[in-house]
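Just below is one structure, and these are the notes that go with it.
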Amino acid sequence: MQLSTVCVSEFVVMADVSLHQLYAKIREDDDFAAVLRTLMEDVASKVDFSHVKSCVAIGTHHGEREIDFTRRLLPNLKSFVAVERDPEAVEVLRANLQKGVLPGVETSAVEVLVQSWSGPDEPVDAVLMLNVMNGITPVDRTALIRKLMTQ
Ligand SMILES: C[S@@+](CC[C@H](N)C(=O)[O-])C[C@H]1O[C@@H](n2cnc3c(N)ncnc32)[C@H](O)[C@@H]1O
C-alpha cells in the first residue's frame with residue numbers, strides 16, 4: 001500500500017489519466033478495507049471517542065475509509081470537513097456526503113492542497129489523516145500540525 005501511494009503521483013505524470021482513476025484501480029486490488037475494519041474493532045474496544053463532536057479529515061480521496069471510521073468510532077460527531085486536493089475525488093466525496101452517509105452530521109469537502117489550506121474555521125476535536133502523511137514532506141507536516149494546533 002505504501003509503495004502504491006508513493007508511486008501514484010509519478011504514474012499521473014507518466015500516464016495521461018487522473019489520480020482519481022489510478023487510485024480507484026489500486027484500491028480494487030488491495031485489502032486495506034478489511035485491515036481497517038479489523039483495526040477499527042480493536043480501537044473501538046479500547047478507546048472512547050464519544051467526546052468528539054467535530055472532525056477534519058485530510059487527504060480523504062473519495063472519503064470511503066474516513067466515512068467508515070467516522071460511522072464506527074465517532075458516534076457523537078456533528079461536523080465533518082474533508083480537505084482533498086484532487087478535484088474528481090472531491091466531486092465523488094461530495095456526492096457521497098449528499099446521499100446522507102453521515103446522518104445528523106454537517107459535512108463539507110474543500111478542494112485544496114493542504115499546504116495552501118488556511119486551517120479549520122473553528123477548533124476541532126479530532127483530525128483524521130489516513131494514508132496521507134507519507135505523501136507530505138516533513139516540513140509541510142510540521143506546518144500542517146502547527147496550523148491545526150493554533151486554530
Ligand atoms: C493514499 S490516498 C488516501 C485516501 C484516503 N485517506 C484513504 O485512506 O483511503 C492520499 C490522498 O491524499 C490526497 N493528498 C495527498 N497530498 C495532499 C495534499 N498535500 N493536500 C491535499 N490532499 C492531499 C491525495 O490526493 C489522495 O486522495
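Within each chain, counting starts at residue 1; across the C-alpha cells, chains are named A, B, ... in the order shown, with ligands numbered 1 upward in that order.
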Note to self: To check your reading of the model: which residues sit at most 7 Å from ligand 1 when counting only C-alpha atoms and all ligand atoms? Write the answer as JSON, numbers by chain.
What the structure shows: {"A": [5, 58, 59, 60, 61, 63, 64, 65, 66, 83, 84, 85, 86, 89, 112, 113, 114, 115, 129, 130, 131, 132, 135, 136]}
Margin query: From a backbone DSSP assignment, name each residue in chain A labelled helix (DSSP H, G or I), as an MDAnalysis selection string.
Written below: chainID A and resid 2:14 19:29 32:44 64:73 87:98 133:135 138:150
Generate a file of the selected residues that holds C-alpha atoms, formatted as an mmCIF file, in the first residue's frame.
data_model
loop_
_atom_site.group_PDB
_atom_site.id
_atom_site.type_symbol
_atom_site.label_atom_id
_atom_site.label_comp_id
_atom_site.auth_asym_id
_atom_site.auth_seq_id
_atom_site.Cartn_x
_atom_site.Cartn_y
_atom_site.Cartn_z
ATOM 1 C CA GLN A 2 2.751 2.447 0.870
ATOM 2 C CA LEU A 3 4.571 1.637 -2.358
ATOM 3 C CA SER A 4 1.375 2.193 -4.360
ATOM 4 C CA THR A 5 0.827 5.514 -2.669
ATOM 5 C CA VAL A 6 4.337 6.739 -3.293
ATOM 6 C CA CYS A 7 4.112 5.779 -6.967
ATOM 7 C CA VAL A 8 0.718 7.283 -7.735
ATOM 8 C CA SER A 9 1.882 10.829 -8.401
ATOM 9 C CA GLU A 10 4.606 9.553 -10.736
ATOM 10 C CA PHE A 11 2.058 7.468 -12.657
ATOM 11 C CA VAL A 12 -0.127 10.525 -13.052
ATOM 12 C CA VAL A 13 2.755 12.329 -14.702
ATOM 13 C CA MET A 14 3.630 9.332 -16.893
ATOM 14 C CA LEU A 19 -5.245 10.475 -9.906
ATOM 15 C CA HIS A 20 -8.841 9.512 -9.205
ATOM 16 C CA GLN A 21 -8.802 6.753 -11.870
ATOM 17 C CA LEU A 22 -5.435 5.413 -10.743
ATOM 18 C CA TYR A 23 -6.313 5.385 -7.067
ATOM 19 C CA ALA A 24 -9.626 3.624 -7.752
ATOM 20 C CA LYS A 25 -7.683 0.926 -9.649
ATOM 21 C CA ILE A 26 -5.170 0.456 -6.834
ATOM 22 C CA ARG A 27 -7.980 0.152 -4.306
ATOM 23 C CA GLU A 28 -9.618 -2.649 -6.320
ATOM 24 C CA ASP A 29 -6.598 -4.842 -5.624
ATOM 25 C CA PHE A 32 -6.998 -2.132 3.090
ATOM 26 C CA ALA A 33 -10.753 -2.042 3.769
ATOM 27 C CA ALA A 34 -10.559 -5.368 5.625
ATOM 28 C CA VAL A 35 -7.447 -4.298 7.537
ATOM 29 C CA LEU A 36 -9.085 -1.036 8.563
ATOM 30 C CA ARG A 37 -12.272 -2.815 9.705
ATOM 31 C CA THR A 38 -10.239 -5.108 11.985
ATOM 32 C CA LEU A 39 -8.255 -2.164 13.344
ATOM 33 C CA MET A 40 -11.411 -0.158 13.994
ATOM 34 C CA GLU A 41 -12.929 -3.001 16.033
ATOM 35 C CA ASP A 42 -9.729 -3.205 18.050
ATOM 36 C CA VAL A 43 -9.658 0.562 18.641
ATOM 37 C CA ALA A 44 -13.398 0.626 19.474
ATOM 38 C CA GLU A 64 -14.825 5.926 1.962
ATOM 39 C CA ARG A 65 -12.392 4.995 4.751
ATOM 40 C CA GLU A 66 -12.953 8.203 6.673
ATOM 41 C CA ILE A 67 -16.704 7.687 6.463
ATOM 42 C CA ASP A 68 -16.332 4.081 7.723
ATOM 43 C CA PHE A 69 -14.103 5.297 10.554
ATOM 44 C CA THR A 70 -16.496 8.071 11.499
ATOM 45 C CA ARG A 71 -19.561 5.829 11.480
ATOM 46 C CA ARG A 72 -17.877 3.178 13.623
ATOM 47 C CA LEU A 73 -15.865 5.282 16.062
ATOM 48 C CA PRO A 87 -10.949 17.658 -7.945
ATOM 49 C CA GLU A 88 -12.504 14.402 -9.162
ATOM 50 C CA ALA A 89 -12.138 12.791 -5.746
ATOM 51 C CA VAL A 90 -13.798 15.801 -4.139
ATOM 52 C CA GLU A 91 -16.671 15.551 -6.595
ATOM 53 C CA VAL A 92 -17.253 11.873 -5.695
ATOM 54 C CA LEU A 93 -16.919 12.617 -1.994
ATOM 55 C CA ARG A 94 -19.437 15.470 -2.162
ATOM 56 C CA ALA A 95 -21.890 13.201 -3.979
ATOM 57 C CA ASN A 96 -21.424 10.528 -1.278
ATOM 58 C CA LEU A 97 -21.914 13.028 1.513
ATOM 59 C CA GLN A 98 -25.055 14.377 -0.128
ATOM 60 C CA MET A 133 1.190 11.762 5.820
ATOM 61 C CA ASN A 134 3.707 9.711 3.836
ATOM 62 C CA GLY A 135 2.967 11.911 0.792
ATOM 63 C CA PRO A 138 8.327 16.622 6.922
ATOM 64 C CA VAL A 139 8.475 20.418 6.628
ATOM 65 C CA ASP A 140 4.879 20.573 5.347
ATOM 66 C CA ARG A 141 3.758 18.102 8.029
ATOM 67 C CA THR A 142 5.160 20.346 10.731
ATOM 68 C CA ALA A 143 3.443 23.374 9.187
ATOM 69 C CA LEU A 144 0.138 21.458 8.997
ATOM 70 C CA ILE A 145 0.304 20.326 12.606
ATOM 71 C CA ARG A 146 1.144 23.866 13.677
ATOM 72 C CA LYS A 147 -1.834 25.183 11.676
ATOM 73 C CA LEU A 148 -4.120 22.639 13.319
ATOM 74 C CA MET A 149 -2.801 23.330 16.809
ATOM 75 C CA THR A 150 -3.144 27.092 16.581
#
Note to self: Going by DSSP on the backbone, which residues of chain A come out as strand (DSSP E or B)? List them as a list of chain:residue names.
What the structure shows: A:Ser54, A:Cys55, A:Val56, A:Ala57, A:Ile58, A:Ser79, A:Phe80, A:Val81, A:Ala82, A:Val83, A:Glu84, A:Glu106, A:Thr107, A:Ser108, A:Ala109, A:Val110, A:Glu111, A:Ala126, A:Val127, A:Leu128
May I have the residues from that selection written out with N, CA and C atoms, as a PDB file, in the first residue's frame?
ATOM      1  N   SER A  54     -16.474  17.290  16.487  1.00  0.00           N
ATOM      2  CA  SER A  54     -16.080  17.883  15.203  1.00  0.00           C
ATOM      3  C   SER A  54     -14.773  17.258  14.729  1.00  0.00           C
ATOM      4  N   CYS A  55     -14.680  17.121  13.416  1.00  0.00           N
ATOM      5  CA  CYS A  55     -13.518  16.427  12.872  1.00  0.00           C
ATOM      6  C   CYS A  55     -13.141  17.008  11.517  1.00  0.00           C
ATOM      7  N   VAL A  56     -11.832  17.130  11.273  1.00  0.00           N
ATOM      8  CA  VAL A  56     -11.327  17.479   9.949  1.00  0.00           C
ATOM      9  C   VAL A  56     -10.576  16.257   9.437  1.00  0.00           C
ATOM     10  N   ALA A  57     -10.828  15.891   8.178  1.00  0.00           N
ATOM     11  CA  ALA A  57     -10.125  14.752   7.587  1.00  0.00           C
ATOM     12  C   ALA A  57      -9.267  15.264   6.429  1.00  0.00           C
ATOM     13  N   ILE A  58      -7.983  14.963   6.490  1.00  0.00           N
ATOM     14  CA  ILE A  58      -7.028  15.470   5.498  1.00  0.00           C
ATOM     15  C   ILE A  58      -6.732  14.375   4.470  1.00  0.00           C
ATOM     16  N   SER A  79     -19.917  17.578  13.090  1.00  0.00           N
ATOM     17  CA  SER A  79     -19.342  18.340  11.975  1.00  0.00           C
ATOM     18  C   SER A  79     -18.137  17.597  11.382  1.00  0.00           C
ATOM     19  N   PHE A  80     -18.162  17.448  10.056  1.00  0.00           N
ATOM     20  CA  PHE A  80     -17.092  16.727   9.351  1.00  0.00           C
ATOM     21  C   PHE A  80     -16.655  17.552   8.143  1.00  0.00           C
ATOM     22  N   VAL A  81     -15.371  17.930   8.124  1.00  0.00           N
ATOM     23  CA  VAL A  81     -14.834  18.698   6.984  1.00  0.00           C
ATOM     24  C   VAL A  81     -13.706  17.878   6.357  1.00  0.00           C
ATOM     25  N   ALA A  82     -13.813  17.644   5.053  1.00  0.00           N
ATOM     26  CA  ALA A  82     -12.762  16.924   4.334  1.00  0.00           C
ATOM     27  C   ALA A  82     -11.923  17.921   3.554  1.00  0.00           C
ATOM     28  N   VAL A  83     -10.603  17.679   3.535  1.00  0.00           N
ATOM     29  CA  VAL A  83      -9.678  18.519   2.778  1.00  0.00           C
ATOM     30  C   VAL A  83      -8.960  17.608   1.783  1.00  0.00           C
ATOM     31  N   GLU A  84      -9.137  17.881   0.502  1.00  0.00           N
ATOM     32  CA  GLU A  84      -8.580  16.984  -0.526  1.00  0.00           C
ATOM     33  C   GLU A  84      -8.187  17.817  -1.742  1.00  0.00           C
ATOM     34  N   GLU A 106     -23.111  17.636   9.963  1.00  0.00           N
ATOM     35  CA  GLU A 106     -22.950  18.682   8.947  1.00  0.00           C
ATOM     36  C   GLU A 106     -21.625  18.418   8.229  1.00  0.00           C
ATOM     37  N   THR A 107     -21.683  18.281   6.908  1.00  0.00           N
ATOM     38  CA  THR A 107     -20.480  17.867   6.172  1.00  0.00           C
ATOM     39  C   THR A 107     -20.091  18.876   5.094  1.00  0.00           C
ATOM     40  N   SER A 108     -18.791  18.943   4.810  1.00  0.00           N
ATOM     41  CA  SER A 108     -18.341  19.706   3.649  1.00  0.00           C
ATOM     42  C   SER A 108     -17.014  19.128   3.170  1.00  0.00           C
ATOM     43  N   ALA A 109     -16.720  19.384   1.888  1.00  0.00           N
ATOM     44  CA  ALA A 109     -15.454  18.914   1.310  1.00  0.00           C
ATOM     45  C   ALA A 109     -14.793  20.093   0.613  1.00  0.00           C
ATOM     46  N   VAL A 110     -13.565  20.388   1.013  1.00  0.00           N
ATOM     47  CA  VAL A 110     -12.838  21.528   0.471  1.00  0.00           C
ATOM     48  C   VAL A 110     -11.777  21.013  -0.510  1.00  0.00           C
ATOM     49  N   GLU A 111     -11.803  21.545  -1.738  1.00  0.00           N
ATOM     50  CA  GLU A 111     -10.779  21.138  -2.711  1.00  0.00           C
ATOM     51  C   GLU A 111      -9.599  22.093  -2.614  1.00  0.00           C
ATOM     52  N   ALA A 126     -11.017  16.462  16.563  1.00  0.00           N
ATOM     53  CA  ALA A 126     -10.197  15.369  16.020  1.00  0.00           C
ATOM     54  C   ALA A 126      -9.766  15.678  14.591  1.00  0.00           C
ATOM     55  N   VAL A 127      -8.598  15.144  14.242  1.00  0.00           N
ATOM     56  CA  VAL A 127      -8.091  15.260  12.867  1.00  0.00           C
ATOM     57  C   VAL A 127      -7.810  13.840  12.368  1.00  0.00           C
ATOM     58  N   LEU A 128      -8.408  13.503  11.237  1.00  0.00           N
ATOM     59  CA  LEU A 128      -8.176  12.179  10.649  1.00  0.00           C
ATOM     60  C   LEU A 128      -7.180  12.315   9.510  1.00  0.00           C
TER      61      LEU A 128
END
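Counting from CA of His62 (chain A), the distance to CA of Val47 (chain A) is 26.0 Å.
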